[in-house]
$ cat target_34.cif   # mmCIF, C-alpha atoms
data_coords
loop_
_atom_site.group_PDB
_atom_site.id
_atom_site.type_symbol
_atom_site.label_atom_id
_atom_site.label_comp_id
_atom_site.auth_asym_id
_atom_site.auth_seq_id
_atom_site.Cartn_x
_atom_site.Cartn_y
_atom_site.Cartn_z
ATOM 1 C CA MET A 243 89.524 92.403 81.169
ATOM 2 C CA SER A 244 93.037 93.547 81.802
ATOM 3 C CA PHE A 245 95.424 93.040 84.660
ATOM 4 C CA ASP A 246 96.473 96.172 86.517
ATOM 5 C CA SER A 247 100.252 95.991 86.308
ATOM 6 C CA SER A 248 100.697 99.541 87.544
ATOM 7 C CA PHE A 249 101.454 98.613 91.156
ATOM 8 C CA SER A 250 104.480 100.594 92.261
ATOM 9 C CA PRO A 251 106.900 99.247 94.871
ATOM 10 C CA GLU A 252 105.413 101.770 97.282
ATOM 11 C CA SER A 253 101.839 100.619 96.688
ATOM 12 C CA LEU A 254 102.852 96.956 96.920
ATOM 13 C CA ALA A 255 104.549 97.656 100.229
ATOM 14 C CA ASP A 256 101.342 99.295 101.444
ATOM 15 C CA ILE A 257 99.065 96.371 100.581
ATOM 16 C CA CYS A 258 101.443 93.383 101.033
ATOM 17 C CA PRO A 259 103.169 93.266 104.437
ATOM 18 C CA ASP A 260 105.842 90.858 103.129
ATOM 19 C CA PHE A 261 106.758 92.846 100.017
ATOM 20 C CA GLU A 262 109.548 94.744 101.776
ATOM 21 C CA THR A 263 111.051 91.422 102.856
ATOM 22 C CA ALA A 264 110.777 90.111 99.282
ATOM 23 C CA LYS A 265 112.459 93.305 98.092
ATOM 24 C CA GLN A 266 115.322 92.766 100.525
ATOM 25 C CA VAL A 267 115.707 89.123 99.443
ATOM 26 C CA ALA A 268 115.845 90.168 95.784
ATOM 27 C CA HIS A 269 118.496 92.818 96.381
ATOM 28 C CA ASP A 270 120.512 90.441 98.581
ATOM 29 C CA HIS A 271 120.695 87.815 95.819
ATOM 30 C CA LEU A 272 120.473 89.699 92.511
ATOM 31 C CA PRO A 273 122.194 92.604 90.759
ATOM 32 C CA GLU A 274 120.204 95.793 91.281
ATOM 33 C CA GLU A 275 118.900 95.986 87.705
ATOM 34 C CA VAL A 276 117.737 92.363 87.780
ATOM 35 C CA ALA A 277 116.235 92.718 91.255
ATOM 36 C CA ASP A 278 114.213 95.758 90.201
ATOM 37 C CA ALA A 279 112.919 93.966 87.087
ATOM 38 C CA TRP A 280 112.027 90.936 89.185
ATOM 39 C CA LEU A 281 110.116 93.001 91.715
ATOM 40 C CA ARG A 282 108.120 94.626 88.908
ATOM 41 C CA MET A 283 106.759 91.154 88.134
ATOM 42 C CA CYS A 284 105.200 90.883 91.588
ATOM 43 C CA ARG A 285 101.476 90.167 91.616
ATOM 44 C CA PRO A 286 99.634 90.629 94.891
ATOM 45 C CA ALA A 287 97.397 87.735 95.907
ATOM 46 C CA VAL A 288 94.862 87.166 98.650
ATOM 47 C CA SER A 289 96.035 84.164 100.632
ATOM 48 C CA LEU A 290 92.993 82.321 101.991
ATOM 49 C CA SER A 291 92.988 80.465 105.303
ATOM 50 C CA PRO A 292 90.344 79.264 107.778
ATOM 51 C CA ALA A 293 88.906 82.200 109.696
ATOM 52 C CA ALA A 294 89.275 82.298 113.456
ATOM 53 C CA PRO A 295 86.625 83.957 115.647
ATOM 54 C CA GLY A 296 86.764 87.691 115.041
ATOM 55 C CA ASP A 297 88.537 87.420 111.677
ATOM 56 C CA THR A 298 87.148 89.207 108.641
ATOM 57 C CA VAL A 299 85.498 86.644 106.355
ATOM 58 C CA VAL A 300 86.114 87.248 102.642
ATOM 59 C CA ALA A 301 85.422 83.801 101.198
ATOM 60 C CA ARG A 302 84.269 80.308 102.024
ATOM 61 C CA PHE A 303 84.717 76.767 100.838
ATOM 62 C CA GLY A 304 81.943 74.200 100.718
ATOM 63 C CA GLY A 305 78.424 74.299 102.041
ATOM 64 C CA LEU A 306 75.691 75.357 99.628
ATOM 65 C CA PRO A 307 75.844 78.303 97.218
ATOM 66 C CA ARG A 308 73.960 81.450 98.142
ATOM 67 C CA MET A 309 72.125 82.164 94.920
ATOM 68 C CA SER A 310 68.516 82.641 93.928
ATOM 69 C CA GLU A 311 66.362 79.990 92.291
ATOM 70 C CA GLU A 312 66.411 82.149 89.155
ATOM 71 C CA ILE A 313 70.032 81.137 88.558
ATOM 72 C CA ALA A 314 70.306 77.682 87.049
ATOM 73 C CA TRP A 315 72.449 75.271 89.037
ATOM 74 C CA PRO A 316 75.385 74.538 86.697
ATOM 75 C CA GLU A 317 75.452 71.091 85.128
ATOM 76 C CA TRP A 318 77.752 69.121 82.886
ATOM 77 C CA GLU A 319 75.516 67.630 80.248
ATOM 78 C CA GLY A 320 75.524 63.852 80.498
ATOM 79 C CA HIS A 321 77.189 63.865 83.911
ATOM 80 C CA GLY A 322 74.878 65.869 86.145
ATOM 81 C CA PRO A 323 75.046 68.853 88.502
ATOM 82 C CA LEU A 324 78.372 70.286 89.624
ATOM 83 C CA SER A 325 79.484 70.512 93.237
ATOM 84 C CA PHE A 326 79.841 73.897 94.880
ATOM 85 C CA ILE A 327 83.483 74.525 95.763
ATOM 86 C CA ALA A 328 84.000 78.135 96.787
ATOM 87 C CA GLU A 329 82.614 81.646 97.107
ATOM 88 C CA ILE A 330 84.700 84.818 96.885
ATOM 89 C CA ASP A 331 83.030 87.901 98.363
ATOM 90 C CA LEU A 332 84.160 90.746 96.103
ATOM 91 C CA SER A 333 82.374 93.293 98.282
ATOM 92 C CA ALA A 334 84.367 92.193 101.336
ATOM 93 C CA LEU A 335 87.635 92.313 99.396
ATOM 94 C CA THR A 336 86.847 95.860 98.268
ATOM 95 C CA GLU A 337 85.784 96.991 101.732
ATOM 96 C CA HIS A 338 88.999 95.764 103.325
ATOM 97 C CA GLY A 339 91.370 96.937 100.601
ATOM 98 C CA LEU A 340 92.429 93.486 99.404
ATOM 99 C CA ARG A 341 93.530 94.281 95.834
ATOM 100 C CA THR A 342 94.840 91.738 93.341
ATOM 101 C CA GLY A 343 94.980 93.832 90.174
ATOM 102 C CA LEU A 344 92.329 91.710 88.458
ATOM 103 C CA ASP A 345 89.693 93.826 86.722
ATOM 104 C CA LEU A 346 86.610 92.487 88.488
ATOM 105 C CA PRO A 347 83.398 94.015 89.829
ATOM 106 C CA GLU A 348 83.919 95.700 93.188
ATOM 107 C CA GLN A 349 80.655 94.323 94.542
ATOM 108 C CA GLY A 350 78.950 90.941 94.421
ATOM 109 C CA ARG A 351 80.341 87.433 94.666
ATOM 110 C CA LEU A 352 82.006 84.766 92.550
ATOM 111 C CA LEU A 353 80.737 81.194 92.892
ATOM 112 C CA PHE A 354 82.952 78.305 91.778
ATOM 113 C CA PHE A 355 81.659 74.869 90.804
ATOM 114 C CA TYR A 356 83.404 71.629 89.823
ATOM 115 C CA HIS A 357 82.178 68.163 88.897
ATOM 116 C CA VAL A 358 82.856 65.639 91.659
ATOM 117 C CA ASP A 359 81.518 62.107 91.196
ATOM 118 C CA PRO A 360 83.657 59.161 92.384
ATOM 119 C CA GLU A 361 81.229 56.784 90.652
ATOM 120 C CA ASP A 362 81.611 58.382 87.200
ATOM 121 C CA SER A 363 84.998 57.332 85.824
ATOM 122 C CA GLU A 364 84.271 59.106 82.518
ATOM 123 C CA ALA A 365 83.754 62.478 84.190
ATOM 124 C CA LEU A 366 87.337 63.724 84.181
ATOM 125 C CA VAL A 367 87.667 67.440 83.532
ATOM 126 C CA PHE A 368 90.802 67.765 81.405
ATOM 127 C CA TYR A 369 92.130 70.885 79.733
ATOM 128 C CA GLU A 370 92.780 69.205 76.366
ATOM 129 C CA ASP A 371 89.231 67.818 76.257
ATOM 130 C CA HIS A 372 87.457 71.100 75.627
ATOM 131 C CA GLU A 373 83.970 69.660 76.050
ATOM 132 C CA SER A 374 84.866 68.405 79.519
ATOM 133 C CA LEU A 375 85.470 71.966 80.704
ATOM 134 C CA ARG A 376 81.714 72.204 81.175
ATOM 135 C CA GLY A 377 82.563 70.347 84.374
ATOM 136 C CA ALA A 378 84.030 73.500 85.942
ATOM 137 C CA ARG A 379 82.218 76.822 86.123
ATOM 138 C CA VAL A 380 82.350 80.342 87.574
ATOM 139 C CA ILE A 381 79.163 82.322 88.216
ATOM 140 C CA TYR A 382 79.011 86.004 89.116
ATOM 141 C CA VAL A 383 76.212 86.973 91.508
ATOM 142 C CA ALA A 384 75.542 90.674 92.014
ATOM 143 C CA GLU A 385 73.515 90.223 95.205
ATOM 144 C CA SER A 386 75.223 90.165 98.586
ATOM 145 C CA ALA A 387 75.350 86.965 100.602
ATOM 146 C CA ALA A 388 72.892 88.481 103.078
ATOM 147 C CA ASP A 389 70.345 88.908 100.280
ATOM 148 C CA SER A 390 70.813 85.376 98.918
ATOM 149 C CA PRO A 391 69.738 82.411 101.048
ATOM 150 C CA ASN A 392 71.442 79.043 100.726
ATOM 151 C CA ARG A 393 70.213 77.250 97.648
ATOM 152 C CA VAL A 394 68.122 74.165 98.362
ATOM 153 C CA LEU A 395 69.767 71.059 96.915
ATOM 154 C CA THR A 396 67.352 68.429 95.652
ATOM 155 C CA ASP A 397 69.847 66.073 93.980
ATOM 156 C CA SER A 398 71.366 63.763 96.597
ATOM 157 C CA SER A 399 74.094 62.630 94.179
ATOM 158 C CA VAL A 400 75.887 65.980 94.384
ATOM 159 C CA THR A 401 78.887 66.047 96.717
ATOM 160 C CA VAL A 402 78.492 68.740 99.386
ATOM 161 C CA TYR A 403 81.625 69.707 101.284
ATOM 162 C CA ALA A 404 81.727 70.959 104.854
ATOM 163 C CA GLU A 405 81.506 74.730 104.956
ATOM 164 C CA VAL A 406 84.672 76.589 105.966
ATOM 165 C CA SER A 407 84.748 80.370 106.365
ATOM 166 C CA LEU A 408 87.959 81.970 105.105
ATOM 167 C CA THR A 409 89.865 85.099 105.939
ATOM 168 C CA GLY A 410 92.313 86.753 103.572
ATOM 169 C CA THR A 411 95.749 88.311 103.864
ATOM 170 C CA MET A 412 97.723 90.006 101.109
ATOM 171 C CA THR A 413 100.877 88.259 99.965
ATOM 172 C CA PRO A 414 103.375 89.054 97.189
ATOM 173 C CA THR A 415 103.715 86.337 94.538
ATOM 174 C CA PHE A 416 106.230 85.854 91.750
ATOM 175 C CA PRO A 417 106.453 83.700 88.594
ATOM 176 C CA GLU A 418 107.806 80.162 88.859
ATOM 177 C CA THR A 419 111.006 78.982 87.195
ATOM 178 C CA GLU A 420 109.357 77.779 83.947
ATOM 179 C CA ASN A 421 106.685 80.455 83.685
ATOM 180 C CA PRO A 422 106.126 81.627 80.064
ATOM 181 C CA ARG A 423 106.031 85.312 80.990
ATOM 182 C CA LEU A 424 109.256 84.972 82.964
ATOM 183 C CA TYR A 425 110.937 83.520 79.875
ATOM 184 C CA GLN A 426 109.560 86.356 77.759
ATOM 185 C CA GLU A 427 110.948 89.023 80.080
ATOM 186 C CA PHE A 428 114.256 87.480 81.194
ATOM 187 C CA ALA A 429 115.476 84.759 78.808
ATOM 188 C CA ASP A 430 117.379 86.961 76.343
ATOM 189 C CA ARG A 431 118.979 89.350 78.820
ATOM 190 C CA GLU A 432 122.427 89.143 80.401
ATOM 191 C CA ILE A 433 124.453 91.089 82.924
ATOM 192 C CA ASP A 434 128.214 90.591 83.302
ATOM 193 C CA GLY A 435 127.933 87.403 81.278
ATOM 194 C CA ASP A 436 125.193 85.927 83.464
ATOM 195 C CA SER A 437 121.733 85.163 82.137
ATOM 196 C CA TRP A 438 118.987 87.025 83.962
ATOM 197 C CA LEU A 439 116.920 83.858 83.814
ATOM 198 C CA ASP A 440 119.649 81.830 85.527
ATOM 199 C CA LEU A 441 120.010 84.482 88.213
ATOM 200 C CA VAL A 442 116.322 84.558 89.181
ATOM 201 C CA ASN A 443 116.117 80.752 89.044
ATOM 202 C CA ASP A 444 119.157 80.244 91.263
ATOM 203 C CA ASP A 445 118.457 77.700 94.009
ATOM 204 C CA ASP A 446 119.584 79.944 96.868
ATOM 205 C CA PHE A 447 117.372 82.802 95.683
ATOM 206 C CA ARG A 448 114.355 80.546 95.196
ATOM 207 C CA GLU A 449 114.832 78.933 98.609
ATOM 208 C CA ALA A 450 114.968 82.361 100.233
ATOM 209 C CA LEU A 451 111.714 83.298 98.497
ATOM 210 C CA GLU A 452 110.051 80.109 99.726
ATOM 211 C CA GLU A 453 110.469 81.381 103.274
ATOM 212 C CA LEU A 454 107.903 84.071 102.406
ATOM 213 C CA GLU A 455 105.256 81.623 101.184
ATOM 214 C CA PRO A 456 102.077 81.622 103.295
ATOM 215 C CA GLU A 457 101.145 78.469 105.192
ATOM 216 C CA THR A 458 98.224 77.771 102.871
ATOM 217 C CA ASP A 459 98.301 77.349 99.089
ATOM 218 C CA HIS A 460 94.716 78.585 98.646
ATOM 219 C CA ARG A 461 94.866 81.936 96.884
ATOM 220 C CA PHE A 462 92.799 84.449 94.942
ATOM 221 C CA GLY A 463 94.763 86.230 92.234
ATOM 222 C CA GLY A 464 98.541 86.394 92.022
ATOM 223 C CA TRP A 465 100.818 83.925 90.254
ATOM 224 C CA PRO A 466 99.836 80.240 90.433
ATOM 225 C CA LEU A 467 101.732 77.425 92.111
ATOM 226 C CA SER A 468 102.076 74.624 89.565
ATOM 227 C CA LEU A 469 102.492 70.954 90.427
ATOM 228 C CA GLN A 470 103.191 69.527 86.951
ATOM 229 C CA GLY A 471 104.578 72.337 84.816
ATOM 230 C CA PRO A 472 103.216 75.840 84.119
ATOM 231 C CA VAL A 473 99.436 75.844 84.443
ATOM 232 C CA GLU A 474 99.243 78.867 82.126
ATOM 233 C CA LEU A 475 100.231 76.531 79.276
ATOM 234 C CA GLU A 476 97.294 74.292 80.164
ATOM 235 C CA ALA A 477 95.000 77.321 80.226
ATOM 236 C CA ALA A 478 96.126 78.121 76.678
ATOM 237 C CA ALA A 479 95.652 74.506 75.595
ATOM 238 C CA SER A 480 92.112 74.576 76.967
ATOM 239 C CA VAL A 481 91.054 77.078 74.288
ATOM 240 C CA LEU A 482 93.380 76.364 71.339
ATOM 241 C CA ASP A 483 93.396 73.631 68.742
ATOM 242 C CA ALA A 484 96.011 70.958 69.416
ATOM 243 C CA SER A 485 97.714 71.809 66.112
ATOM 244 C CA LEU A 486 98.876 75.105 67.643
ATOM 245 C CA TYR A 487 100.703 73.540 70.590
ATOM 246 C CA ASP A 488 104.338 74.675 70.791
ATOM 247 C CA SER A 489 103.626 77.479 68.307
ATOM 248 C CA PRO A 490 104.226 81.208 68.936
ATOM 249 C CA GLU A 491 100.435 81.598 69.185
ATOM 250 C CA TYR A 492 100.399 79.048 71.992
ATOM 251 C CA GLU A 493 103.048 80.903 73.980
ATOM 252 C CA GLU A 494 101.262 84.210 73.405
ATOM 253 C CA GLU A 495 97.930 82.743 74.501
ATOM 254 C CA SER A 496 99.454 81.354 77.695
ATOM 255 C CA ARG A 497 100.573 84.844 78.692
ATOM 256 C CA ALA A 498 97.014 86.181 78.364
ATOM 257 C CA TRP A 499 95.668 84.089 81.252
ATOM 258 C CA HIS A 500 95.754 85.271 84.866
ATOM 259 C CA LEU A 501 95.056 83.163 87.924
ATOM 260 C CA LEU A 502 91.639 83.816 89.408
ATOM 261 C CA LEU A 503 91.393 81.158 92.129
ATOM 262 C CA GLN A 504 93.667 78.349 93.266
ATOM 263 C CA VAL A 505 92.183 75.726 95.614
ATOM 264 C CA SER A 506 94.610 73.281 97.169
ATOM 265 C CA SER A 507 93.798 69.895 98.680
ATOM 266 C CA SER A 508 92.915 69.878 102.361
ATOM 267 C CA ASP A 509 91.360 67.624 104.981
ATOM 268 C CA GLU A 510 87.936 68.709 103.718
ATOM 269 C CA MET A 511 88.583 68.562 99.948
ATOM 270 C CA THR A 512 91.107 66.445 98.043
ATOM 271 C CA TRP A 513 91.860 66.642 94.323
ATOM 272 C CA GLY A 514 93.593 63.469 93.173
ATOM 273 C CA ASP A 515 96.982 63.013 94.839
ATOM 274 C CA SER A 516 97.354 66.256 96.819
ATOM 275 C CA GLY A 517 96.231 68.240 93.799
ATOM 276 C CA MET A 518 95.034 71.761 93.104
ATOM 277 C CA LEU A 519 92.171 73.317 91.158
ATOM 278 C CA TYR A 520 92.867 76.435 89.083
ATOM 279 C CA TRP A 521 90.436 78.901 87.525
ATOM 280 C CA PHE A 522 91.807 81.559 85.156
ATOM 281 C CA LEU A 523 90.655 84.861 83.625
ATOM 282 C CA ARG A 524 91.725 85.988 80.176
ATOM 283 C CA GLU A 525 92.913 89.447 79.239
ATOM 284 C CA GLY A 526 90.654 91.238 76.798
ATOM 285 C CA PRO A 527 87.182 92.763 76.550
ATOM 286 C CA ALA A 528 84.348 91.161 78.498
ATOM 287 C CA ASP A 529 80.792 90.606 77.282
ATOM 288 C CA GLY A 530 79.447 90.804 80.838
ATOM 289 C CA PRO A 531 80.728 91.320 84.384
ATOM 290 C CA LEU A 532 83.345 88.598 83.851
ATOM 291 C CA PRO A 533 85.766 88.024 80.979
ATOM 292 C CA ALA A 534 86.466 84.602 79.523
ATOM 293 C CA THR A 535 87.377 81.982 82.112
ATOM 294 C CA THR A 536 88.939 78.561 81.909
ATOM 295 C CA PHE A 537 89.977 75.785 84.251
ATOM 296 C CA THR A 538 92.617 73.168 84.809
ATOM 297 C CA TRP A 539 93.834 71.020 87.654
ATOM 298 C CA GLN A 540 97.023 69.206 88.561
ATOM 299 C CA CYS A 541 98.125 66.666 91.139
ATOM 300 C CA LEU A 542 101.385 65.085 92.253
#
$ encode --input "target_34.cif" --output "structure tokens"
Amino acid sequence: MSFDSSFSPESLADICPDFETAKQVAHDHLPEEVADAWLRMCRPAVSLSPAAPGDTVVARFGGLPRMSEEIAWPEWEGHGPLSFIAEIDLSALTEHGLRTGLDLPEQGRLLFFYHVDPEDSEALVFYEDHESLRGARVIYVAESAADSPNRVLTDSSVTVYAEVSLTGTMTPTFPETENPRLYQEFADREIDGDSWLDLVNDDDFREALEELEPETDHRFGGWPLSLQGPVELEAAASVLDASLYDSPEYEEESRAWHLLLQVSSSDEMTWGDSGMLYWFLREGPADGPLPATTFTWQCL
């Protein structure tokens, strides 16, 4: 899998209605050379929000997964079946031109599962506990939703969330202040004695960018919104030995992971103290329809 970083400013303006505003903000606050480099780091994301009547539905939270009985319901050994969290309809995204740059199948669906059991205090999915990552899963299903009835759930212990249909809008996203890739691209560059990194992390510039943030933090693709430090570092830690932490290999690994899905807390689903769930895809060749994935979560 690789991320398509070939989006031109013109193509971003075509698919993200707010990109032109982001471009204006960048050029209002930054030297031209820095602004252009910053805008090249833009990653388009699909912002997900509850669908109103008549809206195009591209995803859903909760309910039961639409998958055949031939697909094993994912379990975390010793802790039981996982709860169904979300479905992303890749076919709908393709049909409506919602492009994130992630190299994914154009048809089919992605199903996301996570272990939820308030009675099991030992069932904490944590990025440094590699075995615990069996408590979060992504499944690719080639069949359309229409061809896959809701799966019958026989285990009453599994948490089932209320189903919410979601619509999607394209939004431009940019790396956060401590993002590893931002440091790689900007940390050692200066203009007129000013560090590029300081310029793009200036409070006034960041506050102006926040005005462009969508109302919801649920997103498919794009740059993540971290709550407790860069989540890309946690993605790297989820696959590396602890002895490599803070090494060049660790930094390099963190830059290989791209956000797949970010699910924020809501009235229907809450993750700790106003937390978020994050699934990531890794750059590199894939053995099947999906490349390597990993998971982490953060809360306030």
$ resolve_selection --input "target_34.cif" --expression "the PyMOL selection byres ((chain A and resi 436-451) around 8)" --output "VMD selection string"
chain A and resid 264 267 to 268 271 to 272 276 280 419 424 to 425 428 to 435 452 to 455
$ closest_residue --input "target_34.cif" --among "A:Leu353, A:Val406, A:Met412, A:Val505" --to "A:Ser325" --atoms "all atoms listed in the file"
A:Leu353
$ closest_atom_pairs --input "target_34.cif" --of "stretch 247-362 of chain A" --to "stretch 371-382 of chain A" --cutoff "12 Å" --atoms "only C-alpha atoms" --output "Markdown table"
| residue | atom | partner | partner_atom | distance |
| --- | --- | --- | --- | --- |
| A:Pro307 | CA | A:Ile381 | CA | 10.4 |
| A:Arg308 | CA | A:Ile381 | CA | 11.2 |
| A:Met309 | CA | A:Ile381 | CA | 9.7 |
| A:Ile313 | CA | A:Ile381 | CA | 9.2 |
| A:Ala314 | CA | A:Ile381 | CA | 10.1 |
| A:Trp315 | CA | A:Ile381 | CA | 9.8 |
| A:Pro316 | CA | A:Arg379 | CA | 7.2 |
| A:Glu317 | CA | A:Gly377 | CA | 7.2 |
| A:Trp318 | CA | A:Gly377 | CA | 5.2 |
| A:Glu319 | CA | A:Arg376 | CA | 7.8 |
| A:Gly320 | CA | A:Gly377 | CA | 10.3 |
| A:His321 | CA | A:Gly377 | CA | 8.4 |
| A:Gly322 | CA | A:Gly377 | CA | 9.1 |
| A:Pro323 | CA | A:Gly377 | CA | 8.7 |
| A:Leu324 | CA | A:Gly377 | CA | 6.7 |
| A:Ser325 | CA | A:Ala378 | CA | 9.1 |
| A:Phe326 | CA | A:Arg379 | CA | 9.5 |
| A:Ile327 | CA | A:Ala378 | CA | 9.9 |
| A:Ala328 | CA | A:Val380 | CA | 9.6 |
| A:Glu329 | CA | A:Ile381 | CA | 9.6 |
| A:Ile330 | CA | A:Tyr382 | CA | 9.7 |
| A:Asp331 | CA | A:Tyr382 | CA | 10.3 |
| A:Leu332 | CA | A:Tyr382 | CA | 9.9 |
| A:Leu346 | CA | A:Tyr382 | CA | 10.0 |
| A:Pro347 | CA | A:Tyr382 | CA | 9.2 |
| A:Glu348 | CA | A:Tyr382 | CA | 11.6 |
| A:Gln349 | CA | A:Tyr382 | CA | 10.1 |
| A:Gly350 | CA | A:Tyr382 | CA | 7.2 |
| A:Arg351 | CA | A:Tyr382 | CA | 5.9 |
| A:Leu352 | CA | A:Tyr382 | CA | 4.7 |
| A:Leu353 | CA | A:Ile381 | CA | 5.1 |
| A:Phe354 | CA | A:Val380 | CA | 4.7 |
| A:Phe355 | CA | A:Arg379 | CA | 5.1 |
| A:Tyr356 | CA | A:Ala378 | CA | 4.4 |
| A:His357 | CA | A:Gly377 | CA | 5.0 |
| A:Val358 | CA | A:Gly377 | CA | 8.7 |
| A:Asp359 | CA | A:Gly377 | CA | 10.7 |
$ residues_around --input "target_34.cif" --residues "A:Glu457" --least-positions-apart "3" --cutoff "12 Å" --atoms "all atoms listed in the file" --output "NGL selection string"
:A and (289-292 or 411 or 413 or 452-454 or 460-461 or 506)
$ closest_residue --input "target_34.cif" --among "A:Arg524, A:Pro456, A:Tyr369, A:Ala277" --to "A:Asp483" --atoms "all atoms listed in the file"
A:Tyr369
$ decode --input "target_34.cif" --residues "stretch 510-532 of chain A" --atoms "N, CA and C atoms" --output "PDB file, in the first residue's frame"
ATOM      1  N   GLU A 510     -23.715   8.265  21.424  1.00  0.00           N
ATOM      2  CA  GLU A 510     -23.971   6.835  21.238  1.00  0.00           C
ATOM      3  C   GLU A 510     -22.795   5.972  21.682  1.00  0.00           C
ATOM      4  N   MET A 511     -21.562   6.457  21.496  1.00  0.00           N
ATOM      5  CA  MET A 511     -20.368   5.668  21.793  1.00  0.00           C
ATOM      6  C   MET A 511     -19.354   6.551  22.510  1.00  0.00           C
ATOM      7  N   THR A 512     -18.835   6.072  23.634  1.00  0.00           N
ATOM      8  CA  THR A 512     -17.857   6.841  24.400  1.00  0.00           C
ATOM      9  C   THR A 512     -16.639   5.980  24.664  1.00  0.00           C
ATOM     10  N   TRP A 513     -15.464   6.548  24.450  1.00  0.00           N
ATOM     11  CA  TRP A 513     -14.202   5.821  24.627  1.00  0.00           C
ATOM     12  C   TRP A 513     -13.408   6.482  25.751  1.00  0.00           C
ATOM     13  N   GLY A 514     -13.535   5.949  26.964  1.00  0.00           N
ATOM     14  CA  GLY A 514     -12.859   6.549  28.099  1.00  0.00           C
ATOM     15  C   GLY A 514     -13.401   7.945  28.350  1.00  0.00           C
ATOM     16  N   ASP A 515     -12.510   8.888  28.634  1.00  0.00           N
ATOM     17  CA  ASP A 515     -12.891  10.269  28.890  1.00  0.00           C
ATOM     18  C   ASP A 515     -12.817  11.053  27.585  1.00  0.00           C
ATOM     19  N   SER A 516     -13.940  11.060  26.855  1.00  0.00           N
ATOM     20  CA  SER A 516     -14.025  11.791  25.577  1.00  0.00           C
ATOM     21  C   SER A 516     -12.906  11.392  24.626  1.00  0.00           C
ATOM     22  N   GLY A 517     -12.691  10.085  24.500  1.00  0.00           N
ATOM     23  CA  GLY A 517     -11.574   9.589  23.715  1.00  0.00           C
ATOM     24  C   GLY A 517     -11.882   9.372  22.250  1.00  0.00           C
ATOM     25  N   MET A 518     -10.873   8.848  21.546  1.00  0.00           N
ATOM     26  CA  MET A 518     -10.998   8.522  20.132  1.00  0.00           C
ATOM     27  C   MET A 518     -10.354   7.178  19.853  1.00  0.00           C
ATOM     28  N   LEU A 519     -10.922   6.464  18.882  1.00  0.00           N
ATOM     29  CA  LEU A 519     -10.331   5.235  18.355  1.00  0.00           C
ATOM     30  C   LEU A 519      -9.654   5.568  17.031  1.00  0.00           C
ATOM     31  N   TYR A 520      -8.495   4.932  16.793  1.00  0.00           N
ATOM     32  CA  TYR A 520      -7.749   5.175  15.554  1.00  0.00           C
ATOM     33  C   TYR A 520      -7.314   3.848  14.942  1.00  0.00           C
ATOM     34  N   TRP A 521      -7.661   3.638  13.680  1.00  0.00           N
ATOM     35  CA  TRP A 521      -7.106   2.528  12.908  1.00  0.00           C
ATOM     36  C   TRP A 521      -6.168   3.111  11.853  1.00  0.00           C
ATOM     37  N   PHE A 522      -5.046   2.420  11.620  1.00  0.00           N
ATOM     38  CA  PHE A 522      -4.030   2.890  10.681  1.00  0.00           C
ATOM     39  C   PHE A 522      -3.715   1.829   9.636  1.00  0.00           C
ATOM     40  N   LEU A 523      -3.269   2.303   8.458  1.00  0.00           N
ATOM     41  CA  LEU A 523      -2.725   1.461   7.391  1.00  0.00           C
ATOM     42  C   LEU A 523      -1.238   1.766   7.238  1.00  0.00           C
ATOM     43  N   ARG A 524      -0.476   0.733   6.900  1.00  0.00           N
ATOM     44  CA  ARG A 524       0.960   0.927   6.723  1.00  0.00           C
ATOM     45  C   ARG A 524       1.340   0.957   5.251  1.00  0.00           C
ATOM     46  N   GLU A 525       2.253   1.847   4.908  1.00  0.00           N
ATOM     47  CA  GLU A 525       2.800   1.853   3.559  1.00  0.00           C
ATOM     48  C   GLU A 525       3.530   0.548   3.295  1.00  0.00           C
ATOM     49  N   GLY A 526       3.493   0.109   2.036  1.00  0.00           N
ATOM     50  CA  GLY A 526       4.208  -1.105   1.678  1.00  0.00           C
ATOM     51  C   GLY A 526       3.309  -2.082   0.952  1.00  0.00           C
ATOM     52  N   PRO A 527       3.882  -3.167   0.443  1.00  0.00           N
ATOM     53  CA  PRO A 527       3.098  -4.156  -0.297  1.00  0.00           C
ATOM     54  C   PRO A 527       2.076  -4.840   0.595  1.00  0.00           C
ATOM     55  N   ALA A 528       0.965  -5.237  -0.013  1.00  0.00           N
ATOM     56  CA  ALA A 528      -0.109  -5.911   0.716  1.00  0.00           C
ATOM     57  C   ALA A 528      -0.221  -7.354   0.255  1.00  0.00           C
ATOM     58  N   ASP A 529      -0.498  -8.255   1.199  1.00  0.00           N
ATOM     59  CA  ASP A 529      -0.690  -9.664   0.861  1.00  0.00           C
ATOM     60  C   ASP A 529      -2.085  -9.924   0.313  1.00  0.00           C
ATOM     61  N   GLY A 530      -3.034  -9.052   0.620  1.00  0.00           N
ATOM     62  CA  GLY A 530      -4.407  -9.207   0.175  1.00  0.00           C
ATOM     63  C   GLY A 530      -4.978  -7.855  -0.202  1.00  0.00           C
ATOM     64  N   PRO A 531      -6.295  -7.685  -0.082  1.00  0.00           N
ATOM     65  CA  PRO A 531      -6.904  -6.404  -0.452  1.00  0.00           C
ATOM     66  C   PRO A 531      -6.507  -5.263   0.474  1.00  0.00           C
ATOM     67  N   LEU A 532      -6.067  -5.601   1.699  1.00  0.00           N
ATOM     68  CA  LEU A 532      -5.650  -4.573   2.649  1.00  0.00           C
ATOM     69  C   LEU A 532      -4.195  -4.773   3.044  1.00  0.00           C
TER      70      LEU A 532
END
